$ cat structure_36.txt   # compact mmCIF, C-alpha atoms
# COMPACT_ATOMS: atom_id res chain seq x y z
CA MET H 1 84.53 43.19 51.83
CA LYS H 2 81.96 45.13 53.86
CA LYS H 3 84.43 45.28 56.74
CA ILE H 4 87.06 46.80 54.45
CA TYR H 5 84.62 49.45 53.16
CA LEU H 6 83.55 50.21 56.72
CA MET H 7 87.15 50.61 57.83
CA ILE H 8 87.94 52.92 54.88
CA PHE H 9 84.83 55.01 55.61
CA SER H 10 85.78 55.33 59.28
CA ILE H 11 89.28 56.45 58.40
CA MET H 12 87.93 59.04 55.96
CA MET H 13 85.52 60.45 58.57
CA LEU H 14 88.33 60.64 61.13
CA VAL H 15 90.49 62.59 58.66
CA ILE H 16 87.60 64.99 57.88
CA VAL H 17 86.80 65.62 61.56
CA SER H 18 90.48 66.13 62.38
CA ALA H 19 90.83 68.58 59.53
CA GLY H 20 87.73 70.45 60.74
CA CYS H 21 89.03 70.67 64.29
CA SER H 22 92.40 71.85 63.07
CA SER H 23 90.72 74.50 60.91
CA ASP H 24 88.61 75.72 63.86
CA GLU H 25 91.71 75.90 66.06
CA GLU H 26 93.56 77.88 63.42
CA LYS H 27 90.64 80.31 63.06
CA SER H 28 90.41 80.70 66.83
CA ALA H 29 94.14 81.36 67.10
CA GLU H 30 93.97 83.81 64.20
CA LYS H 31 91.05 85.64 65.84
CA GLN H 32 92.93 85.90 69.14
CA THR H 33 95.97 87.29 67.33
CA GLN H 34 93.81 89.87 65.54
CA GLN H 35 92.23 90.92 68.85
CA ALA H 36 95.67 91.25 70.45
CA ASP H 37 96.89 93.39 67.53
CA GLU H 38 93.73 95.54 67.43
CA LYS H 39 94.38 99.16 68.44
CA VAL H 40 92.00 100.48 71.09
CA GLU H 41 91.66 104.26 71.33
CA LEU H 42 90.61 105.94 74.59
CA THR H 43 89.46 109.52 75.14
CA VAL H 44 90.28 111.23 78.42
CA SER H 45 88.82 114.65 79.24
CA ALA H 46 91.11 116.31 81.77
CA ALA H 47 91.70 119.66 83.45
CA VAL H 48 94.35 121.61 81.54
CA SER H 49 96.49 121.92 84.69
CA LEU H 50 97.13 118.16 84.42
CA GLN H 51 98.54 118.38 80.91
CA ASP H 52 102.26 117.99 81.59
CA ALA H 53 101.90 115.15 84.09
CA LEU H 54 99.35 113.25 82.00
CA ASN H 55 101.46 113.48 78.85
CA ASP H 56 104.34 111.82 80.73
CA ILE H 57 102.00 109.14 82.08
CA LYS H 58 100.57 108.50 78.60
CA GLU H 59 104.06 107.91 77.23
CA SER H 60 104.94 105.30 79.84
CA PHE H 61 101.48 103.67 79.69
CA GLU H 62 101.54 103.23 75.92
CA LYS H 63 105.01 101.68 76.07
CA GLU H 64 103.62 99.00 78.37
CA ASN H 65 100.30 98.64 76.47
CA ALA H 66 101.12 98.84 72.78
CA ASN H 67 97.56 98.11 71.66
CA VAL H 68 96.03 101.07 73.56
CA LYS H 69 96.23 104.67 72.34
CA VAL H 70 95.24 107.46 74.74
CA HIS H 71 93.83 110.74 73.40
CA TYR H 72 93.45 113.74 75.72
CA ASN H 73 90.89 116.51 75.59
CA PHE H 74 92.28 119.23 77.87
CA GLY H 75 90.22 122.20 79.02
CA ALA H 76 88.44 123.88 81.91
CA SER H 77 86.74 121.27 84.10
CA GLY H 78 83.37 122.99 83.88
CA ALA H 79 83.42 123.08 80.09
CA LEU H 80 84.50 119.42 79.92
CA GLN H 81 81.75 118.39 82.35
CA GLN H 82 79.14 120.13 80.18
CA GLN H 83 80.47 118.38 77.06
CA ILE H 84 80.12 114.99 78.75
CA SER H 85 76.64 115.86 80.04
CA GLN H 86 75.65 116.67 76.46
CA GLY H 87 76.85 113.30 75.18
CA ALA H 88 80.47 113.83 74.17
CA PRO H 89 82.17 110.42 73.62
CA VAL H 90 84.55 110.24 76.59
CA ASP H 91 85.97 107.29 78.54
CA LEU H 92 87.44 109.01 81.62
CA PHE H 93 86.95 112.39 83.27
CA PHE H 94 89.77 113.92 85.34
CA SER H 95 88.45 117.07 86.99
CA ALA H 96 90.17 119.86 88.92
CA ALA H 97 87.10 120.24 91.14
CA GLU H 98 84.83 117.89 93.03
CA ASP H 99 81.61 119.72 92.19
CA LYS H 100 82.10 119.26 88.43
CA PHE H 101 82.78 115.56 88.95
CA ASP H 102 79.83 115.17 91.35
CA LYS H 103 77.55 116.66 88.70
CA LEU H 104 78.25 113.68 86.42
CA VAL H 105 77.69 111.28 89.32
CA GLU H 106 74.31 112.93 89.95
CA GLU H 107 73.46 112.53 86.25
CA ASP H 108 74.30 108.79 86.44
CA LEU H 109 77.11 109.22 83.93
CA ILE H 110 79.74 108.07 86.43
CA GLU H 111 79.24 105.53 89.21
CA GLU H 112 80.70 106.72 92.50
CA LYS H 113 82.53 103.40 92.95
CA ASN H 114 84.32 104.00 89.65
CA GLY H 115 85.95 107.25 90.79
CA ILE H 116 88.68 108.34 93.20
CA ASP H 117 90.08 111.60 94.61
CA LEU H 118 93.59 111.18 93.24
CA VAL H 119 95.67 114.36 93.63
CA GLY H 120 95.55 117.81 95.19
CA ASN H 121 97.01 121.24 94.42
CA ASP H 122 97.68 124.70 95.86
CA LEU H 123 96.60 128.12 94.64
CA VAL H 124 99.37 130.71 94.32
CA LEU H 125 99.75 134.38 93.47
CA VAL H 126 102.17 135.00 90.59
CA VAL H 127 103.68 138.03 88.87
CA SER H 128 105.96 138.31 85.87
CA LYS H 129 109.67 138.12 86.68
CA ASP H 130 110.00 141.38 84.75
CA SER H 131 107.30 143.08 86.80
CA LYS H 132 108.07 146.50 88.27
CA LYS H 133 104.88 146.55 90.37
CA GLU H 134 105.44 146.30 94.10
CA ILE H 135 103.26 143.27 94.72
CA GLY H 136 104.61 141.18 97.57
CA SER H 137 101.46 139.67 99.04
CA LEU H 138 97.79 139.00 98.35
CA GLU H 139 96.92 142.24 100.12
CA ASP H 140 99.03 144.12 97.55
CA LEU H 141 96.59 143.13 94.80
CA THR H 142 94.93 146.48 95.49
CA LYS H 143 97.99 148.05 93.79
CA ALA H 144 97.50 146.07 90.58
CA ALA H 145 95.86 147.65 87.53
CA LYS H 146 94.87 144.25 86.10
CA ILE H 147 94.54 140.85 87.80
CA SER H 148 93.74 137.63 85.97
CA ILE H 149 91.77 134.67 87.28
CA GLY H 150 89.91 131.87 85.54
CA THR H 151 86.21 132.37 84.82
CA PRO H 152 84.72 131.16 88.15
CA GLU H 153 81.67 129.49 86.58
CA SER H 154 83.72 127.08 84.46
CA VAL H 155 87.30 127.19 85.74
CA PRO H 156 87.86 125.68 89.20
CA ALA H 157 91.04 127.73 89.75
CA GLY H 158 88.95 130.83 89.08
CA GLN H 159 86.34 129.61 91.53
CA TYR H 160 89.01 129.13 94.21
CA ALA H 161 90.51 132.54 93.38
CA LYS H 162 87.15 134.30 93.75
CA GLN H 163 86.53 132.54 97.08
CA THR H 164 89.96 133.69 98.26
CA LEU H 165 89.34 137.32 97.32
CA GLU H 166 85.90 137.26 98.90
CA ASN H 167 87.17 135.71 102.13
CA MET H 168 89.89 138.37 102.30
CA ASN H 169 87.31 141.11 101.66
CA LEU H 170 89.18 142.11 98.51
CA PHE H 171 86.79 141.00 95.77
CA LYS H 172 84.61 144.13 95.59
CA GLU H 173 87.68 146.37 95.67
CA VAL H 174 89.40 144.64 92.73
CA GLU H 175 86.39 143.31 90.81
CA ASP H 176 86.56 145.94 88.07
CA ARG H 177 90.25 145.09 87.49
CA LEU H 178 89.75 141.36 86.99
CA VAL H 179 90.58 139.83 83.61
CA TYR H 180 88.84 136.47 83.26
CA ALA H 181 90.47 133.61 81.36
CA LYS H 182 89.11 130.43 79.77
CA ASP H 183 91.47 128.22 81.82
CA VAL H 184 94.39 128.41 84.23
CA ARG H 185 96.98 128.21 81.44
CA GLN H 186 95.57 131.36 79.87
CA VAL H 187 95.87 133.15 83.21
CA LEU H 188 99.52 132.12 83.32
CA THR H 189 100.07 133.40 79.77
CA TYR H 190 98.54 136.77 80.62
CA VAL H 191 100.98 137.11 83.52
CA GLU H 192 103.99 135.86 81.53
CA THR H 193 103.38 138.36 78.73
CA GLY H 194 102.76 141.29 81.07
CA ASN H 195 99.17 141.77 79.93
CA VAL H 196 98.18 141.73 83.61
CA ASP H 197 100.10 142.65 86.74
CA ALA H 198 99.28 139.47 88.68
CA GLY H 199 97.32 136.25 88.52
CA LEU H 200 96.05 133.43 90.69
CA VAL H 201 96.99 130.01 89.31
CA TYR H 202 97.74 126.51 90.49
CA LYS H 203 101.15 125.95 92.00
CA THR H 204 101.82 123.14 89.50
CA ASP H 205 101.44 125.55 86.55
CA ALA H 206 103.55 128.25 88.17
CA LEU H 207 106.40 125.80 88.90
CA ASN H 208 106.60 124.90 85.21
CA SER H 209 106.99 128.49 84.04
CA SER H 210 110.37 130.21 83.93
CA LYS H 211 108.71 133.59 83.34
CA VAL H 212 106.74 134.02 86.56
CA GLU H 213 107.54 134.36 90.22
CA ILE H 214 105.43 132.88 93.01
CA ILE H 215 104.70 135.67 95.48
CA ALA H 216 102.48 133.80 97.93
CA THR H 217 100.73 130.48 98.46
CA VAL H 218 97.08 130.96 99.35
CA GLN H 219 96.03 129.59 102.74
CA ALA H 220 93.97 126.44 102.30
CA ASP H 221 91.17 127.73 104.53
CA LEU H 222 90.49 130.66 102.18
CA HIS H 223 88.89 128.43 99.55
CA ASP H 224 87.36 125.00 99.02
CA PRO H 225 89.82 122.07 99.05
CA ILE H 226 91.59 121.69 95.70
CA ILE H 227 90.93 118.05 94.88
CA TYR H 228 91.23 116.30 91.51
CA PRO H 229 88.85 113.34 91.15
CA VAL H 230 89.09 110.93 88.21
CA GLY H 231 86.46 108.41 87.15
CA MET H 232 85.30 106.11 84.37
CA ILE H 233 82.26 107.08 82.34
CA ASN H 234 79.42 104.53 82.24
CA GLU H 235 78.54 102.43 79.17
CA LEU H 236 82.05 102.06 77.79
CA ASP H 237 82.95 100.42 74.49
CA HIS H 238 86.34 99.31 75.79
CA ALA H 239 85.73 98.83 79.50
CA LYS H 240 88.74 96.53 79.97
CA GLU H 241 91.22 99.03 78.49
CA VAL H 242 89.63 102.01 80.26
CA LYS H 243 89.93 100.21 83.59
CA LEU H 244 93.54 99.41 82.71
CA PHE H 245 94.37 103.10 82.25
CA TYR H 246 92.28 104.15 85.27
CA ASP H 247 94.27 101.71 87.43
CA TYR H 248 97.54 102.84 85.84
CA LEU H 249 96.88 106.42 86.95
CA GLN H 250 96.92 105.13 90.53
CA THR H 251 100.19 103.21 90.30
CA GLU H 252 103.28 104.25 92.22
CA ALA H 253 105.00 105.19 88.97
CA SER H 254 102.16 107.54 87.97
CA MET H 255 101.95 109.08 91.44
CA GLU H 256 105.68 109.84 91.27
CA ILE H 257 105.07 111.72 88.02
CA PHE H 258 102.22 113.72 89.57
CA GLU H 259 104.41 114.60 92.54
CA LYS H 260 107.27 115.60 90.22
CA TYR H 261 104.98 118.27 88.77
CA GLY H 262 103.95 119.53 92.21
CA PHE H 263 100.70 117.67 92.82
CA LYS H 264 99.83 116.26 96.23
CA ASN H 265 99.25 112.53 96.55
CA LEU H 266 95.74 111.98 98.01
CA LYS H 267 95.76 108.19 97.79
$ encode --input "structure_36.txt" --output "structure tokens"
Amino acid sequence: MKKIYLMIFSIMMLVIVSAGCSSDEEKSAEKQTQQADEKVELTVSAAVSLQDALNDIKESFEKENANVKVHYNFGASGALQQQISQGAPVDLFFSAAEDKFDKLVEEDLIEEKNGIDLVGNDLVLVVSKDSKKEIGSLEDLTKAAKISIGTPESVPAGQYAKQTLENMNLFKEVEDRLVYAKDVRQVLTYVETGNVDAGLVYKTDALNSSKVEIIATVQADLHDPIIYPVGMINELDHAKEVKLFYDYLQTEASMEIFEKYGFKNLK
């Protein structure tokens, strides 16, 4: 009789343990499914000149990574850098100037190994297609009543424009005619609407406007190299997904999109 009771008890324990294991496995599988379905949201602060290319890249990235949503904060690189320095919740920084990026590296907000110089650009002189001013070169800027450039302290394109004018010994002559803009897109708008006679913008922005004409491409030796570094901010909540997007920006497909919009491949 004792043997029968012992056998029954053993069978009951085996059933209970099996049920427990099965329950644990189901919970584990359910947890993994929830994690897979969980939406991760990333914030990328990027120079406004990257807007068109990055929107295309976002679309293709999110198709391949359904659980990751990318949000952009576009603006002047200097303003974005200051926001990050002051604690703005950002996952990646894509700058239009090395010095703004290097500032965050110096502040230990980005590790140098987690950044790369990804694309380059050119600075060009543009006028409205309806312009009646005889501006056919950079030297002709002396004929313009108003010239727009980005604010040099916060807008890299404005910094490059000022360097160009200084190196051509034109800055002092046209300084009182300069109309400063918050970013390169605003410069382009001023030119498109005829509020200024000419402007200095990135080639990528000029190529995407049907209302302006490129008069001249600025010689590269007249300003600092136009380099766009991108890097991951330290102490990330979703490091895996941020790295995924950071790597995706460097793929052949992404580089083709950048090149389509006129950027130079620096990889």
$ closest_atom_pairs --input "structure_36.txt" --of "range 65-89 of chain H" --to "range 134-150 of chain H" --cutoff "12 Å" --atoms "all atoms listed in the file" --output "Markdown table"
| residue | atom | partner | partner_atom | distance |
| --- | --- | --- | --- | --- |
| H:Gly75 | CA | H:Gly150 | CA | 11.7 |
| H:Ala76 | CA | H:Gly150 | CA | 8.9 |
| H:Ser77 | CA | H:Gly150 | CA | 11.2 |
| H:Gly78 | CA | H:Gly150 | CA | 11.2 |
$ residues_around --input "structure_36.txt" --residues "Phe171 in chain H" --least-positions-apart "6" --cutoff "10 Å" --atoms "all atoms listed in the file" --output "count of residues only"
8
$ closest_residue --input "structure_36.txt" --among "H:Ala46, H:Asp52, H:Gly231, H:Gln86" --to "Asn73 in chain H" --atoms "only C-alpha atoms"
H:Ala46
$ closest_residue --input "structure_36.txt" --among "H:Asp205, H:Asp99, H:Glu173, H:Asp122" --to "Tyr261 in chain H" --atoms "only C-alpha atoms"
H:Asp205
$ residues_around --input "structure_36.txt" --residues "Lys264 in chain H" --least-positions-apart "2" --cutoff "8 Å" --atoms "all atoms listed in the file" --output "PyMOL selection string"
chain H and resi 119-121+258-259+262+266
$ decode --input "structure_36.txt" --residues "range 141-157 of chain H" --atoms "all heavy atoms" --output "PDB file, in the first residue's frame"
ATOM      1  N   LEU H 141      28.825  90.554 -55.541  1.00  0.00           N
ATOM      2  CA  LEU H 141      28.031  90.789 -54.334  1.00  0.00           C
ATOM      3  C   LEU H 141      28.082  92.250 -53.901  1.00  0.00           C
ATOM      4  O   LEU H 141      27.208  92.722 -53.183  1.00  0.00           O
ATOM      5  CB  LEU H 141      28.509  89.884 -53.188  1.00  0.00           C
ATOM      6  CG  LEU H 141      28.089  88.415 -53.285  1.00  0.00           C
ATOM      7  CD1 LEU H 141      28.746  87.592 -52.184  1.00  0.00           C
ATOM      8  CD2 LEU H 141      26.570  88.287 -53.196  1.00  0.00           C
ATOM      9  N   THR H 142      29.085  92.971 -54.357  1.00  0.00           N
ATOM     10  CA  THR H 142      29.179  94.402 -54.042  1.00  0.00           C
ATOM     11  C   THR H 142      28.040  95.184 -54.703  1.00  0.00           C
ATOM     12  O   THR H 142      27.742  96.314 -54.297  1.00  0.00           O
ATOM     13  CB  THR H 142      30.526  94.969 -54.508  1.00  0.00           C
ATOM     14  OG1 THR H 142      30.704  94.687 -55.907  1.00  0.00           O
ATOM     15  CG2 THR H 142      31.680  94.350 -53.722  1.00  0.00           C
ATOM     16  N   LYS H 143      27.376  94.581 -55.697  1.00  0.00           N
ATOM     17  CA  LYS H 143      26.252  95.234 -56.379  1.00  0.00           C
ATOM     18  C   LYS H 143      24.917  94.980 -55.667  1.00  0.00           C
ATOM     19  O   LYS H 143      23.904  95.608 -56.001  1.00  0.00           O
ATOM     20  CB  LYS H 143      26.144  94.729 -57.824  1.00  0.00           C
ATOM     21  CG  LYS H 143      27.384  94.940 -58.679  1.00  0.00           C
ATOM     22  CD  LYS H 143      27.190  94.298 -60.050  1.00  0.00           C
ATOM     23  CE  LYS H 143      28.436  94.424 -60.915  1.00  0.00           C
ATOM     24  NZ  LYS H 143      28.270  93.739 -62.233  1.00  0.00           N
ATOM     25  N   ALA H 144      24.910  94.037 -54.747  1.00  0.00           N
ATOM     26  CA  ALA H 144      23.671  93.647 -54.076  1.00  0.00           C
ATOM     27  C   ALA H 144      23.307  94.621 -52.959  1.00  0.00           C
ATOM     28  O   ALA H 144      24.174  95.094 -52.223  1.00  0.00           O
ATOM     29  CB  ALA H 144      23.810  92.240 -53.507  1.00  0.00           C
ATOM     30  N   ALA H 145      22.011  94.899 -52.843  1.00  0.00           N
ATOM     31  CA  ALA H 145      21.536  95.769 -51.758  1.00  0.00           C
ATOM     32  C   ALA H 145      21.392  94.974 -50.460  1.00  0.00           C
ATOM     33  O   ALA H 145      21.657  95.487 -49.367  1.00  0.00           O
ATOM     34  CB  ALA H 145      20.198  96.386 -52.139  1.00  0.00           C
ATOM     35  N   LYS H 146      21.006  93.708 -50.592  1.00  0.00           N
ATOM     36  CA  LYS H 146      20.858  92.832 -49.422  1.00  0.00           C
ATOM     37  C   LYS H 146      21.376  91.439 -49.759  1.00  0.00           C
ATOM     38  O   LYS H 146      21.081  90.892 -50.826  1.00  0.00           O
ATOM     39  CB  LYS H 146      19.395  92.732 -48.985  1.00  0.00           C
ATOM     40  CG  LYS H 146      18.829  94.009 -48.381  1.00  0.00           C
ATOM     41  CD  LYS H 146      17.392  93.791 -47.931  1.00  0.00           C
ATOM     42  CE  LYS H 146      16.797  95.045 -47.330  1.00  0.00           C
ATOM     43  NZ  LYS H 146      15.378  94.818 -46.899  1.00  0.00           N
ATOM     44  N   ILE H 147      22.143  90.870 -48.825  1.00  0.00           N
ATOM     45  CA  ILE H 147      22.719  89.534 -48.987  1.00  0.00           C
ATOM     46  C   ILE H 147      22.400  88.746 -47.728  1.00  0.00           C
ATOM     47  O   ILE H 147      22.622  89.243 -46.616  1.00  0.00           O
ATOM     48  CB  ILE H 147      24.245  89.598 -49.157  1.00  0.00           C
ATOM     49  CG1 ILE H 147      24.621  90.555 -50.286  1.00  0.00           C
ATOM     50  CG2 ILE H 147      24.830  88.210 -49.376  1.00  0.00           C
ATOM     51  CD1 ILE H 147      26.021  91.115 -50.155  1.00  0.00           C
ATOM     52  N   SER H 148      21.905  87.535 -47.875  1.00  0.00           N
ATOM     53  CA  SER H 148      21.590  86.739 -46.685  1.00  0.00           C
ATOM     54  C   SER H 148      22.586  85.605 -46.473  1.00  0.00           C
ATOM     55  O   SER H 148      22.988  84.924 -47.427  1.00  0.00           O
ATOM     56  CB  SER H 148      20.180  86.141 -46.791  1.00  0.00           C
ATOM     57  OG  SER H 148      19.830  85.497 -45.582  1.00  0.00           O
ATOM     58  N   ILE H 149      22.976  85.454 -45.216  1.00  0.00           N
ATOM     59  CA  ILE H 149      23.776  84.303 -44.786  1.00  0.00           C
ATOM     60  C   ILE H 149      23.240  83.858 -43.421  1.00  0.00           C
ATOM     61  O   ILE H 149      22.549  84.620 -42.743  1.00  0.00           O
ATOM     62  CB  ILE H 149      25.292  84.619 -44.682  1.00  0.00           C
ATOM     63  CG1 ILE H 149      25.565  85.625 -43.552  1.00  0.00           C
ATOM     64  CG2 ILE H 149      25.829  85.147 -46.002  1.00  0.00           C
ATOM     65  CD1 ILE H 149      27.049  85.846 -43.258  1.00  0.00           C
ATOM     66  N   GLY H 150      23.559  82.641 -43.027  1.00  0.00           N
ATOM     67  CA  GLY H 150      23.159  82.179 -41.708  1.00  0.00           C
ATOM     68  C   GLY H 150      23.946  82.910 -40.629  1.00  0.00           C
ATOM     69  O   GLY H 150      25.065  83.376 -40.866  1.00  0.00           O
ATOM     70  N   THR H 151      23.367  83.012 -39.444  1.00  0.00           N
ATOM     71  CA  THR H 151      24.067  83.642 -38.321  1.00  0.00           C
ATOM     72  C   THR H 151      25.329  82.835 -38.031  1.00  0.00           C
ATOM     73  O   THR H 151      25.241  81.663 -37.637  1.00  0.00           O
ATOM     74  CB  THR H 151      23.173  83.666 -37.070  1.00  0.00           C
ATOM     75  OG1 THR H 151      21.953  84.353 -37.385  1.00  0.00           O
ATOM     76  CG2 THR H 151      23.867  84.356 -35.907  1.00  0.00           C
ATOM     77  N   PRO H 152      26.526  83.427 -38.226  1.00  0.00           N
ATOM     78  CA  PRO H 152      27.769  82.658 -38.137  1.00  0.00           C
ATOM     79  C   PRO H 152      28.003  81.940 -36.810  1.00  0.00           C
ATOM     80  O   PRO H 152      28.601  80.862 -36.786  1.00  0.00           O
ATOM     81  CB  PRO H 152      28.852  83.728 -38.365  1.00  0.00           C
ATOM     82  CG  PRO H 152      28.161  84.781 -39.170  1.00  0.00           C
ATOM     83  CD  PRO H 152      26.764  84.817 -38.641  1.00  0.00           C
ATOM     84  N   GLU H 153      27.517  82.508 -35.718  1.00  0.00           N
ATOM     85  CA  GLU H 153      27.754  81.915 -34.398  1.00  0.00           C
ATOM     86  C   GLU H 153      27.021  80.588 -34.200  1.00  0.00           C
ATOM     87  O   GLU H 153      27.470  79.736 -33.424  1.00  0.00           O
ATOM     88  CB  GLU H 153      27.343  82.896 -33.282  1.00  0.00           C
ATOM     89  CG  GLU H 153      28.219  84.119 -33.172  1.00  0.00           C
ATOM     90  CD  GLU H 153      27.983  85.136 -34.294  1.00  0.00           C
ATOM     91  OE1 GLU H 153      26.872  85.122 -34.884  1.00  0.00           O
ATOM     92  OE2 GLU H 153      28.905  85.926 -34.568  1.00  0.00           O
ATOM     93  N   SER H 154      25.893  80.413 -34.872  1.00  0.00           N
ATOM     94  CA  SER H 154      25.094  79.200 -34.657  1.00  0.00           C
ATOM     95  C   SER H 154      24.835  78.387 -35.914  1.00  0.00           C
ATOM     96  O   SER H 154      24.463  77.215 -35.823  1.00  0.00           O
ATOM     97  CB  SER H 154      23.743  79.565 -34.010  1.00  0.00           C
ATOM     98  OG  SER H 154      23.022  80.464 -34.837  1.00  0.00           O
ATOM     99  N   VAL H 155      25.016  78.991 -37.081  1.00  0.00           N
ATOM    100  CA  VAL H 155      24.719  78.312 -38.339  1.00  0.00           C
ATOM    101  C   VAL H 155      26.025  78.053 -39.097  1.00  0.00           C
ATOM    102  O   VAL H 155      26.663  79.001 -39.556  1.00  0.00           O
ATOM    103  CB  VAL H 155      23.774  79.165 -39.218  1.00  0.00           C
ATOM    104  CG1 VAL H 155      23.408  78.406 -40.496  1.00  0.00           C
ATOM    105  CG2 VAL H 155      22.530  79.567 -38.447  1.00  0.00           C
ATOM    106  N   PRO H 156      26.428  76.799 -39.215  1.00  0.00           N
ATOM    107  CA  PRO H 156      27.689  76.501 -39.908  1.00  0.00           C
ATOM    108  C   PRO H 156      27.788  77.103 -41.310  1.00  0.00           C
ATOM    109  O   PRO H 156      28.836  77.618 -41.692  1.00  0.00           O
ATOM    110  CB  PRO H 156      27.710  74.972 -39.947  1.00  0.00           C
ATOM    111  CG  PRO H 156      26.961  74.579 -38.721  1.00  0.00           C
ATOM    112  CD  PRO H 156      25.853  75.592 -38.604  1.00  0.00           C
ATOM    113  N   ALA H 157      26.687  77.068 -42.073  1.00  0.00           N
ATOM    114  CA  ALA H 157      26.715  77.644 -43.426  1.00  0.00           C
ATOM    115  C   ALA H 157      27.026  79.134 -43.360  1.00  0.00           C
ATOM    116  O   ALA H 157      27.703  79.692 -44.239  1.00  0.00           O
ATOM    117  CB  ALA H 157      25.387  77.410 -44.136  1.00  0.00           C
TER     118      ALA H 157
END
